[in-house]
file upload_26.txt (compact mmCIF, C-alpha atoms)
# COMPACT_ATOMS: atom_id res chain seq x y z
CA MET A 511 0.00 0.00 0.00
CA ILE A 512 1.38 3.41 -0.97
CA ASN A 513 2.20 5.69 1.98
CA TRP A 514 1.03 8.99 0.59
CA GLU A 515 1.81 10.82 3.77
CA GLU A 516 5.48 9.86 3.57
CA ILE A 517 5.65 10.85 -0.10
CA MET A 518 4.15 14.27 0.63
CA LYS A 519 6.70 14.92 3.39
CA ARG A 520 9.57 14.15 1.02
CA ILE A 521 8.11 16.37 -1.70
CA TYR A 522 7.75 19.18 0.86
CA LEU A 523 11.36 18.85 2.04
CA PHE A 524 12.54 18.81 -1.57
CA LEU A 525 10.69 22.05 -2.35
CA VAL A 526 12.06 23.70 0.79
CA LEU A 527 15.60 22.79 -0.23
CA ILE A 528 14.99 24.11 -3.77
CA GLY A 529 13.70 27.40 -2.30
CA ILE A 530 16.71 27.81 -0.03
CA LEU A 531 19.03 27.15 -2.95
CA ILE A 532 17.27 29.76 -5.11
CA ILE A 533 17.50 32.37 -2.32
CA PHE A 534 21.21 31.66 -1.82
CA VAL A 535 21.97 31.95 -5.55
CA LEU A 536 20.01 35.16 -5.97
CA GLY A 537 21.61 36.71 -2.86
CA GLY A 538 25.08 35.91 -4.14
CA CYS A 539 24.36 37.60 -7.45
CA VAL A 540 23.15 40.77 -5.78
CA SER A 541 26.18 40.83 -3.51
CA GLN A 542 28.49 40.33 -6.47
CA GLN A 543 26.76 43.12 -8.38
CA GLN A 544 27.11 45.53 -5.46
CA THR A 545 30.76 44.78 -4.83
CA GLY A 546 31.48 44.97 -8.53
CA ASN A 547 30.57 48.67 -8.50
CA GLN A 548 33.19 49.51 -5.81
CA THR A 549 36.79 50.53 -6.61
CA PRO A 550 39.19 48.45 -4.58
CA VAL A 551 41.87 50.31 -2.52
CA LYS A 552 45.29 49.70 -3.96
CA GLN A 553 48.20 49.27 -1.59
CA THR A 554 51.76 49.25 -2.75
CA PRO A 555 53.65 46.51 -0.99
CA GLY A 556 56.72 47.86 0.89
CA GLN A 557 55.80 51.53 0.38
CA PRO A 558 57.84 53.55 3.00
CA SER A 559 56.16 55.94 5.39
CA ILE A 560 56.98 59.69 5.11
CA GLU A 561 60.16 60.44 7.09
CA GLN A 562 59.84 63.20 9.66
CA PRO A 563 62.77 65.66 9.94
CA ASN A 564 64.98 65.25 13.00
CA VAL A 565 66.57 68.67 12.49
CA LYS A 566 64.51 71.73 11.64
CA LEU A 567 64.18 75.50 11.96
CA SER A 568 62.33 77.11 14.84
CA THR A 569 59.89 79.93 14.27
CA GLU A 570 62.74 82.27 15.30
CA ASN A 571 65.02 80.83 12.59
CA TYR A 572 67.46 78.88 14.74
CA ILE A 573 68.17 75.15 14.55
CA VAL A 574 66.33 72.69 16.80
CA ASP A 575 65.90 68.92 16.95
CA ASP A 576 62.66 67.03 16.31
CA LYS A 577 61.49 67.78 19.87
CA GLU A 578 62.10 71.54 19.40
CA LYS A 579 65.18 71.51 21.65
CA THR A 580 67.65 74.24 20.72
CA LEU A 581 71.11 73.40 19.35
CA TYR A 582 74.25 75.46 20.03
CA LEU A 583 77.72 76.27 18.63
CA PHE A 584 80.93 76.73 20.64
CA THR A 585 83.45 79.38 19.51
CA LYS A 586 86.41 77.28 20.68
CA ASP A 587 85.53 74.63 18.07
CA ALA A 588 86.91 76.78 15.22
CA LYS A 589 89.12 73.97 13.90
CA GLY A 590 86.14 71.63 13.62
CA ASP A 591 86.98 69.33 16.53
CA SER A 592 85.14 69.57 19.85
CA LYS A 593 86.92 71.40 22.66
CA CYS A 594 84.07 70.68 25.09
CA THR A 595 85.16 67.64 27.08
CA ASP A 596 84.73 66.01 30.48
CA ALA A 597 82.72 68.24 32.87
CA CYS A 598 81.83 70.61 30.04
CA LEU A 599 79.67 67.86 28.53
CA ASN A 600 77.52 67.74 31.66
CA ILE A 601 76.41 71.27 30.86
CA TRP A 602 76.58 71.05 27.07
CA PRO A 603 75.60 67.50 25.99
CA ILE A 604 76.44 66.54 22.44
CA PHE A 605 73.84 66.24 19.69
CA TYR A 606 74.10 63.23 17.39
CA ARG A 607 71.87 61.61 14.80
CA GLU A 608 73.17 58.75 12.71
CA LYS A 609 71.03 59.86 9.79
CA ILE A 610 70.01 63.49 9.32
CA SER A 611 66.70 64.49 7.76
CA VAL A 612 66.02 68.21 7.55
CA SER A 613 63.03 70.50 7.22
CA SER A 614 62.50 73.22 4.66
CA GLY A 615 65.11 75.98 4.90
CA LEU A 616 67.99 73.64 5.76
CA ASN A 617 70.39 71.69 3.53
CA SER A 618 71.32 68.18 4.57
CA SER A 619 74.75 68.71 2.95
CA ASP A 620 75.56 71.28 5.66
CA PHE A 621 75.46 68.53 8.29
CA GLY A 622 78.21 66.05 8.99
CA THR A 623 79.63 63.78 11.67
CA ILE A 624 82.88 63.81 13.62
CA THR A 625 84.34 61.22 15.95
CA ARG A 626 85.33 62.89 19.19
CA THR A 627 88.50 62.15 21.13
CA ASP A 628 86.36 60.19 23.62
CA GLY A 629 85.21 57.93 20.78
CA ASN A 630 81.64 59.22 20.63
CA LYS A 631 80.15 60.60 17.44
CA GLN A 632 78.76 64.11 17.14
CA THR A 633 76.73 65.86 14.45
CA THR A 634 78.17 69.06 12.95
CA PHE A 635 76.67 72.01 11.08
CA LYS A 636 78.95 73.67 8.53
CA GLY A 637 81.81 72.03 10.39
CA TRP A 638 80.78 73.28 13.86
CA PRO A 639 79.92 70.53 16.41
CA LEU A 640 76.37 70.82 17.76
CA TYR A 641 75.34 70.74 21.42
CA TYR A 642 72.34 71.00 23.72
CA PHE A 643 72.26 73.19 26.85
CA SER A 644 71.33 71.34 30.02
CA SER A 645 69.37 74.29 31.43
CA ASP A 646 67.02 74.35 28.44
CA VAL A 647 63.98 72.54 29.83
CA LYS A 648 61.09 73.47 27.57
CA PRO A 649 60.95 73.25 23.78
CA GLY A 650 62.20 76.52 22.33
CA ASP A 651 64.27 77.53 25.38
CA ILE A 652 67.44 79.46 24.43
CA LYS A 653 68.98 79.95 27.87
CA GLY A 654 72.41 79.05 26.49
CA GLU A 655 72.48 81.98 24.05
CA GLY A 656 75.57 84.16 24.62
CA VAL A 657 76.79 82.28 27.71
CA ASN A 658 80.29 83.60 28.51
CA SER A 659 80.28 85.13 25.01
CA ILE A 660 81.43 81.75 23.65
CA TRP A 661 78.16 79.79 23.29
CA PHE A 662 75.56 80.79 20.71
CA ILE A 663 72.40 79.33 19.25
CA ALA A 664 73.01 77.56 15.94
CA ARG A 665 71.53 79.66 13.14
CA HIS A 666 71.43 78.49 9.56
CA ASP A 667 71.93 82.02 8.21
CA TYR A 668 75.09 83.15 10.01
CA ALA A 669 77.33 84.93 7.50
CA VAL A 670 80.07 85.41 10.09
CA PHE A 671 80.86 83.78 13.40
CA ILE A 672 83.43 84.11 16.19
CA ALA A 673 86.45 81.88 16.74
CA ASP A 674 88.32 81.60 20.02
CA LYS A 675 91.75 80.00 19.67
CA ASP A 676 95.11 80.37 21.40
CA ASN A 677 93.83 83.31 23.48
CA LEU A 678 92.77 85.08 20.29
CA LYS A 679 89.13 85.95 19.61
CA PHE A 680 88.50 86.80 15.98
CA ILE A 681 85.89 86.90 13.23
CA VAL A 682 85.51 84.01 10.79
CA ASP A 683 83.03 83.22 8.05
CA ALA A 684 80.17 80.75 8.56
CA LYS A 685 82.49 77.80 7.87
CA GLY A 686 85.25 78.91 10.23
CA ASN A 687 87.61 80.56 7.72
CA THR A 688 89.54 83.47 9.26
CA LEU A 689 88.97 87.06 8.09
CA TYR A 690 91.64 89.78 8.09
CA SER A 691 92.08 93.55 7.92
CA PHE A 692 94.83 95.55 6.19
CA ASN A 693 96.29 98.51 8.07
CA LYS A 694 96.93 100.41 4.85
CA ASP A 695 93.22 100.60 4.12
CA GLN A 696 91.18 103.71 4.77
CA PRO A 697 87.60 103.81 6.08
CA ASP A 698 85.47 101.93 3.54
CA VAL A 699 88.36 102.01 1.04
CA SER A 700 90.48 98.99 0.11
CA ASN A 701 94.10 99.71 -0.82
CA CYS A 702 94.83 96.07 -1.66
CA LYS A 703 95.04 95.98 -5.44
CA GLY A 704 96.30 93.80 -8.28
CA GLY A 705 98.65 91.07 -7.06
CA CYS A 706 97.77 91.86 -3.46
CA LEU A 707 94.27 90.48 -4.03
CA LYS A 708 95.68 87.15 -5.20
CA ALA A 709 97.20 86.65 -1.77
CA TRP A 710 94.34 88.34 0.08
CA PRO A 711 91.01 87.58 -1.66
CA VAL A 712 88.06 89.71 -0.63
CA PHE A 713 85.31 88.45 1.65
CA TYR A 714 81.77 89.26 0.58
CA ALA A 715 78.42 88.24 2.02
CA GLY A 716 75.24 89.83 0.75
CA ASN A 717 73.22 89.55 3.95
CA ILE A 718 75.04 89.69 7.27
CA VAL A 719 73.79 87.79 10.31
CA ALA A 720 76.31 87.72 13.17
CA PRO A 721 76.36 86.31 16.72
CA SER A 722 74.37 88.33 19.23
CA ILE A 723 77.39 90.03 20.86
CA MET A 724 78.07 91.77 17.54
CA ASN A 725 75.93 94.33 15.73
CA ASN A 726 74.82 93.46 12.22
CA SER A 727 74.78 97.20 11.49
CA ASP A 728 78.58 97.34 11.95
CA PHE A 729 78.93 95.48 8.65
CA GLY A 730 78.74 97.17 5.28
CA VAL A 731 79.59 96.65 1.61
CA ILE A 732 81.97 98.55 -0.66
CA THR A 733 83.07 98.17 -4.27
CA ASN A 734 86.86 97.93 -4.48
CA SER A 735 89.16 99.23 -7.22
CA GLU A 736 88.77 95.97 -9.15
CA GLY A 737 84.99 96.37 -9.24
CA SER A 738 84.38 93.55 -6.74
CA ARG A 739 81.97 93.87 -3.85
CA GLN A 740 83.57 93.49 -0.44
CA THR A 741 82.17 93.27 3.08
CA THR A 742 83.47 95.68 5.72
CA TYR A 743 83.39 95.57 9.51
CA LYS A 744 83.39 98.93 11.27
CA LYS A 745 84.56 100.37 7.93
CA MET A 746 87.47 97.87 7.69
CA PRO A 747 87.46 95.91 4.39
CA LEU A 748 87.63 92.16 5.12
CA TYR A 749 89.87 89.60 3.41
CA TYR A 750 90.83 85.92 3.40
CA TYR A 751 94.47 84.76 3.29
CA VAL A 752 95.46 82.34 0.56
CA ASN A 753 97.87 80.45 2.84
CA ASP A 754 95.14 79.59 5.32
CA THR A 755 94.43 76.06 4.12
CA ALA A 756 92.13 74.86 6.91
CA ARG A 757 89.32 76.36 8.95
CA GLY A 758 90.56 78.25 11.99
CA ASP A 759 94.03 78.87 10.50
CA THR A 760 95.53 82.27 11.37
CA ASN A 761 98.66 82.16 9.20
CA GLY A 762 98.01 85.70 7.94
CA HIS A 763 98.09 87.33 11.37
CA GLY A 764 100.98 89.80 11.52
CA VAL A 765 102.19 89.29 7.93
CA ASN A 766 104.43 92.25 7.01
CA ASP A 767 103.17 93.97 10.17
CA ALA A 768 100.21 95.01 8.03
CA TRP A 769 97.69 92.17 8.10
CA PHE A 770 95.79 91.19 11.23
CA ILE A 771 92.88 89.10 12.43
CA VAL A 772 89.75 91.13 13.17
CA GLU A 773 88.53 91.10 16.75
CA PRO A 774 84.79 91.49 17.40
CA ALA A 775 85.60 94.36 19.78
CA ALA A 776 87.87 96.14 17.28
CA LYS A 777 87.46 99.91 17.15
CA GLY A 778 87.51 99.90 13.36
CA LEU A 779 88.50 102.77 11.09
CA SER A 780 87.24 106.31 11.37
CA THR A 781 88.06 109.52 9.57
CA PRO A 782 89.74 112.07 11.85
CA THR A 783 87.32 114.80 12.81
CA GLN A 784 88.14 118.42 13.40
CA ASN A 785 87.08 120.30 16.50
CA ALA A 786 84.40 122.62 15.13
CA SER A 787 85.90 125.60 16.92
CA SER A 788 89.56 124.98 16.13
CA ALA A 789 91.64 124.23 13.05
CA ILE A 790 95.12 123.56 11.72
CA LYS A 791 96.44 125.18 8.57
CA VAL A 792 99.74 124.07 7.05
CA THR A 793 101.19 127.35 5.82
CA SER A 794 104.51 126.27 4.32
CA PHE A 795 106.30 123.10 3.20
CA PRO A 796 108.23 122.12 0.06
CA GLN A 797 106.63 119.79 -2.47
CA SER A 798 110.04 118.20 -2.99
CA ALA A 799 113.43 118.28 -1.34
CA HIS A 800 116.90 116.88 -1.85
CA SER A 801 117.96 113.91 0.22
CA ASP A 802 120.08 114.39 3.32
CA THR A 803 118.72 117.87 3.98
CA VAL A 804 116.40 119.37 6.59
CA VAL A 805 112.87 120.27 5.53
CA THR A 806 111.11 123.04 7.44
CA ILE A 807 107.34 122.81 7.82
CA LYS A 808 105.19 125.65 9.18
CA TRP A 809 101.61 125.59 10.44
CA GLU A 810 99.06 127.67 12.29
CA VAL A 811 96.61 126.56 14.99
CA THR A 812 93.49 128.67 15.47
CA GLY A 813 90.18 128.66 17.34
CA GLY A 814 89.09 126.92 20.52
CA THR A 815 87.04 128.24 23.41
CA GLU A 816 90.00 128.88 25.69
CA GLY A 817 92.51 128.48 22.89
CA GLU A 818 94.86 126.40 25.02
CA ILE A 819 97.29 124.42 22.83
CA SER A 820 98.66 121.76 25.16
CA ASN A 821 100.37 119.76 22.42
CA THR A 822 101.22 120.24 18.77
CA ALA A 823 103.78 118.48 16.58
CA ILE A 824 104.39 116.96 13.17
CA ILE A 825 103.68 113.22 12.99
CA TRP A 826 105.36 111.59 10.03
CA GLY A 827 106.80 108.53 8.32
CA TYR A 828 107.96 107.10 4.99
CA ASN A 829 104.66 105.33 4.22
CA SER A 830 101.18 106.75 3.94
CA ALA A 831 99.14 106.07 7.06
CA GLY A 832 95.87 107.16 5.49
CA ALA A 833 93.26 107.58 8.20
CA ASN A 834 95.18 105.43 10.69
CA ILE A 835 96.77 108.21 12.71
CA SER A 836 98.58 105.78 14.99
CA GLU A 837 100.53 104.36 12.03
CA TYR A 838 102.88 107.36 11.80
CA PRO A 839 106.04 106.10 13.52
CA LYS A 840 107.79 109.44 14.14
CA ALA A 841 107.01 112.86 15.61
CA THR A 842 108.80 116.15 16.11
CA MET A 843 109.26 117.82 19.49
CA ILE A 844 106.02 118.83 21.20
CA GLN A 845 105.24 122.56 21.28
CA THR A 846 102.57 124.47 23.21
CA GLY A 847 100.90 127.89 23.21
CA LYS A 848 97.59 129.69 22.80
CA THR A 849 95.58 130.17 19.64
CA PRO A 850 96.05 131.67 17.20
CA LYS A 851 99.70 130.76 16.93
CA GLU A 852 102.16 129.76 14.23
CA PHE A 853 104.64 126.94 14.66
CA SER A 854 107.50 125.43 12.68
CA ALA A 855 109.68 122.34 12.91
CA GLY A 856 112.41 120.68 10.85
CA ILE A 857 112.65 117.06 9.65
CA ASN A 858 115.82 115.36 8.41
CA ILE A 859 115.04 114.00 4.94
CA PRO A 860 116.24 110.42 4.27
CA SER A 861 118.29 109.43 1.27
CA SER A 862 115.31 108.30 -0.84
CA GLY A 863 111.57 107.77 -0.80
CA THR A 864 108.63 110.00 0.11
CA LEU A 865 107.92 111.76 3.40
CA TYR A 866 104.27 111.69 4.57
CA PHE A 867 103.09 113.91 7.41
CA ARG A 868 100.18 115.43 9.31
CA ILE A 869 100.06 118.13 11.95
CA HIS A 870 98.56 117.11 15.27
CA ALA A 871 97.35 119.51 17.95
CA VAL A 872 95.41 119.29 21.20
CA VAL A 873 93.26 122.39 21.66
CA ASP A 874 91.23 122.71 24.85
CA GLY A 875 91.68 118.98 25.39
CA SER A 876 90.44 117.93 21.92
CA ASP A 877 92.63 116.28 19.27
CA ILE A 878 92.65 117.80 15.81
CA TYR A 879 94.66 116.83 12.72
CA SER A 880 95.56 118.32 9.39
CA PRO A 881 95.08 116.33 6.17
CA GLU A 882 98.01 114.13 5.13
CA ASN A 883 100.68 115.88 3.04
CA GLN A 884 103.78 114.54 1.34
CA VAL A 885 107.22 115.66 0.24
CA SER A 886 108.95 113.94 -2.68
CA ILE A 887 112.62 113.25 -2.06
CA ILE A 888 115.13 113.93 -4.85
CA GLN A 889 118.30 111.88 -4.72
CA GLN A 890 121.41 114.03 -4.38
CA THR A 891 123.84 113.56 -7.27
CA SER A 892 127.59 113.81 -6.93
CA SER A 893 129.29 116.86 -8.49
CA TYR A 894 132.37 114.81 -9.34

call {"tool": "encode", "arguments": {"input": "upload_26.txt", "output": "structure tokens"}}
result
Amino acid sequence: MINWEEIMKRIYLFLVLIGILIIFVLGGCVSQQQTGNQTPVKQTPGQPSIEQPNVKLSTENYIVDDKEKTLYLFTKDAKGDSKCTDACLNIWPIFYREKISVSSGLNSSDFGTITRTDGNKQTTFKGWPLYYFSSDVKPGDIKGEGVNSIWFIARHDYAVFIADKDNLKFIVDAKGNTLYSFNKDQPDVSNCKGGCLKAWPVFYAGNIVAPSIMNNSDFGVITNSEGSRQTTYKKMPLYYYVNDTARGDTNGHGVNDAWFIVEPAAKGLSTPTQNASSAIKVTSFPQSAHSDTVVTIKWEVTGGTEGEISNTAIIWGYNSAGANISEYPKATMIQTGKTPKEFSAGINIPSSGTLYFRIHAVVDGSDIYSPENQVSIIQQTSSY
């Protein structure tokens, strides 16, 4: 006998299974259609993350690390090696990064690495070792700026810096190369010409930024006789020396008793000024004279409130001193009096050359000078 009830159950289960299968198939198609309209995100295997700079510029334009801690330079490191050792490092810890990455405004090529005498490595900027200051606590602190006039914040735009070596403190360029002055120069006038410039090339920087103990306004620019632009400091034209082969060298100091390093505290060159109420007039001197004779020079001193002449004399030499009054090596006997008064003095002429002279007077306690004059010397010829 046929069991219709059992057959109906099987048919029912079969239809249920068919329905589930249809729902599954249709659902998969819809899902595939939806995902097919989406753009998959592409990822490049091994793509590196963007490297953050570990050296950058602060908002005030000085160099800091990636945590905004200020970095410093030490004037005694002029030669490029660190002179801060032992206990000094407790106050001025070294800065070192194995790999330097810089922010905008800095050049990675300006940074380098030295190995210190203690074996540790230290990062440098333009050859100057970099340090922290232990008293800088907060990001942006600059408590080490100007300490003892030998520690300064590291700026990327220094045009000049200060070196401190062998008890000499002098001006160098941003990379530690020594700068010089020439005592034959006049205020804002270079007298180094032709072959002189081959041995003493000019220093020029368009925009001067100097350490804080110096005034940027003390620097200027002139055009020399060759048409080259040249930086001056307190009206002194600045030069390099060709025989300085390494940073911090001072081989030009004292050459020919005419070339010298430039100290930050140098007085510089200035044109002699006349006391407004007094004056010197050279009234008589020969334009030329024979050698081995005595030349007589006459002058008059006038003016002054009290008119007290406490000192007047001829200052002279065989080389032009220009505006550098102190460069005249000789002087005649001091004379005194009250204005107006005429004076005269004699000078023994040497066998050859040119005699350069000024008249100096002190009127009512103020120094006044005449312009520089000169006497050409004619060599005596034998009558035999």

call {"tool": "residues_around", "arguments": {"input": "upload_26.txt", "residues": "Val699 in chain A", "least_positions_apart": "5", "cutoff": "9 Å", "atoms": "all atoms listed in the file", "output": "list in words"}}
result
Ile732, Thr733, Asn734, Ser735, Lys745, Met746 and Pro747 of chain A

call {"tool": "write_last_selection", "arguments": {"input": "upload_26.txt", "atoms": "C-alpha atoms", "output": "mmCIF file, keeping the file's coordinate frame"}}
result
data_model
loop_
_atom_site.group_PDB
_atom_site.id
_atom_site.type_symbol
_atom_site.label_atom_id
_atom_site.label_comp_id
_atom_site.auth_asym_id
_atom_site.auth_seq_id
_atom_site.Cartn_x
_atom_site.Cartn_y
_atom_site.Cartn_z
ATOM 1 C CA ILE A 732 81.970 98.550 -0.660
ATOM 2 C CA THR A 733 83.070 98.170 -4.270
ATOM 3 C CA ASN A 734 86.860 97.930 -4.480
ATOM 4 C CA SER A 735 89.160 99.230 -7.220
ATOM 5 C CA LYS A 745 84.560 100.370 7.930
ATOM 6 C CA MET A 746 87.470 97.870 7.690
ATOM 7 C CA PRO A 747 87.460 95.910 4.390
#

call {"tool": "axis_aligned_box", "arguments": {"input": "upload_26.txt", "around": "range 703-715 of chain A", "padding_each_side": "8 Å", "output": "JSON"}}
result
{"center_x": 88.5, "center_y": 91.3, "center_z": -3.1, "size_x": 36.2, "size_y": 25.3, "size_z": 26.3}

call {"tool": "residues_around", "arguments": {"input": "upload_26.txt", "residues": "range 738-744 of chain A", "least_positions_apart": "5", "cutoff": "7 Å", "atoms": "all atoms listed in the file", "output": "list in words"}}
result
Asp698, Val712, Phe713, Tyr714, Ala715, Asp728, Phe729, Gly730, Val731, Ile732, Thr733, Gly778 and Leu779 of chain A

call {"tool": "closest_atom_pairs", "arguments": {"input": "upload_26.txt", "of": "range 708-762 of chain A", "to": "range 660-671 of chain A", "cutoff": "10 Å", "atoms": "all atoms listed in the file", "output": "JSON lines"}}
result
{"residue": "A:Tyr714", "atom": "CA", "partner": "A:Ala669", "partner_atom": "CA", "distance": 9.3}
{"residue": "A:Ala715", "atom": "CA", "partner": "A:Ala669", "partner_atom": "CA", "distance": 6.5}
{"residue": "A:Gly716", "atom": "CA", "partner": "A:Ala669", "partner_atom": "CA", "distance": 8.6}
{"residue": "A:Asn717", "atom": "CA", "partner": "A:Ala669", "partner_atom": "CA", "distance": 7.1}
{"residue": "A:Ile718", "atom": "CA", "partner": "A:Ala669", "partner_atom": "CA", "distance": 5.3}
{"residue": "A:Val719", "atom": "CA", "partner": "A:Tyr668", "partner_atom": "CA", "distance": 4.8}
{"residue": "A:Ala720", "atom": "CA", "partner": "A:Val670", "partner_atom": "CA", "distance": 5.4}
{"residue": "A:Pro721", "atom": "CA", "partner": "A:Phe671", "partner_atom": "CA", "distance": 6.1}
{"residue": "A:Ser722", "atom": "CA", "partner": "A:Phe662", "partner_atom": "CA", "distance": 7.8}
{"residue": "A:Ile723", "atom": "CA", "partner": "A:Phe662", "partner_atom": "CA", "distance": 9.4}
{"residue": "A:Met724", "atom": "CA", "partner": "A:Phe671", "partner_atom": "CA", "distance": 9.4}
{"residue": "A:Asn726", "atom": "CA", "partner": "A:Val670", "partner_atom": "CA", "distance": 9.8}

call {"tool": "residues_around", "arguments": {"input": "upload_26.txt", "residues": "Ser788 in chain A", "least_positions_apart": "6", "cutoff": "10 Å", "atoms": "all atoms listed in the file", "output": "PyMOL selection string"}}
result
chain A and resi 811-815+817+849-850+871-874+876-878

call {"tool": "atom_distance", "arguments": {"input": "upload_26.txt", "atom1": "CA of Pro639 in chain A", "atom2": "CA of Lys577 in chain A"}}
result
19.0 Å

call {"tool": "residues_around", "arguments": {"input": "upload_26.txt", "residues": "Asp628 in chain A", "least_positions_apart": "3", "cutoff": "12 Å", "atoms": "all atoms listed in the file", "output": "PyMOL selection string"}}
result
chain A and resi 591-596+599+604+624-625+631-632

call {"tool": "closest_residue", "arguments": {"input": "upload_26.txt", "among": "A:Gln797, A:Ser862, A:Thr585, A:Ser619", "to": "Gly686 in chain A", "atoms": "all atoms listed in the file"}}
result
A:Thr585

call {"tool": "atom_distance", "arguments": {"input": "upload_26.txt", "atom1": "CA of Tyr750 in chain A", "atom2": "CA of Cys706 in chain A"}}
result
11.4 Å

call {"tool": "residues_around", "arguments": {"input": "upload_26.txt", "residues": "Thr688 in chain A", "least_positions_apart": "2", "cutoff": "8 Å", "atoms": "all atoms listed in the file", "output": "JSON, numbers by chain"}}
result
{"A": [680, 681, 682, 683, 686, 690, 750, 751, 754, 757, 758, 759, 760, 771]}

call {"tool": "closest_residue", "arguments": {"input": "upload_26.txt", "among": "A:Asn693, A:Ser886, A:Ser830, A:Asn677", "to": "Ala799 in chain A", "atoms": "all atoms listed in the file"}}
result
A:Ser886

call {"tool": "atom_distance", "arguments": {"input": "upload_26.txt", "atom1": "CA of Lys636 in chain A", "atom2": "CA of Lys579 in chain A"}}
result
19.1 Å

call {"tool": "closest_residue", "arguments": {"input": "upload_26.txt", "among": "A:Tyr572, A:Trp638, A:Tyr838, A:Phe605", "to": "Lys586 in chain A", "atoms": "all atoms listed in the file"}}
result
A:Trp638

call {"tool": "closest_residue", "arguments": {"input": "upload_26.txt", "among": "A:Cys598, A:Val805, A:Ala776, A:Ala841", "to": "His870 in chain A", "atoms": "only C-alpha atoms"}}
result
A:Ala841
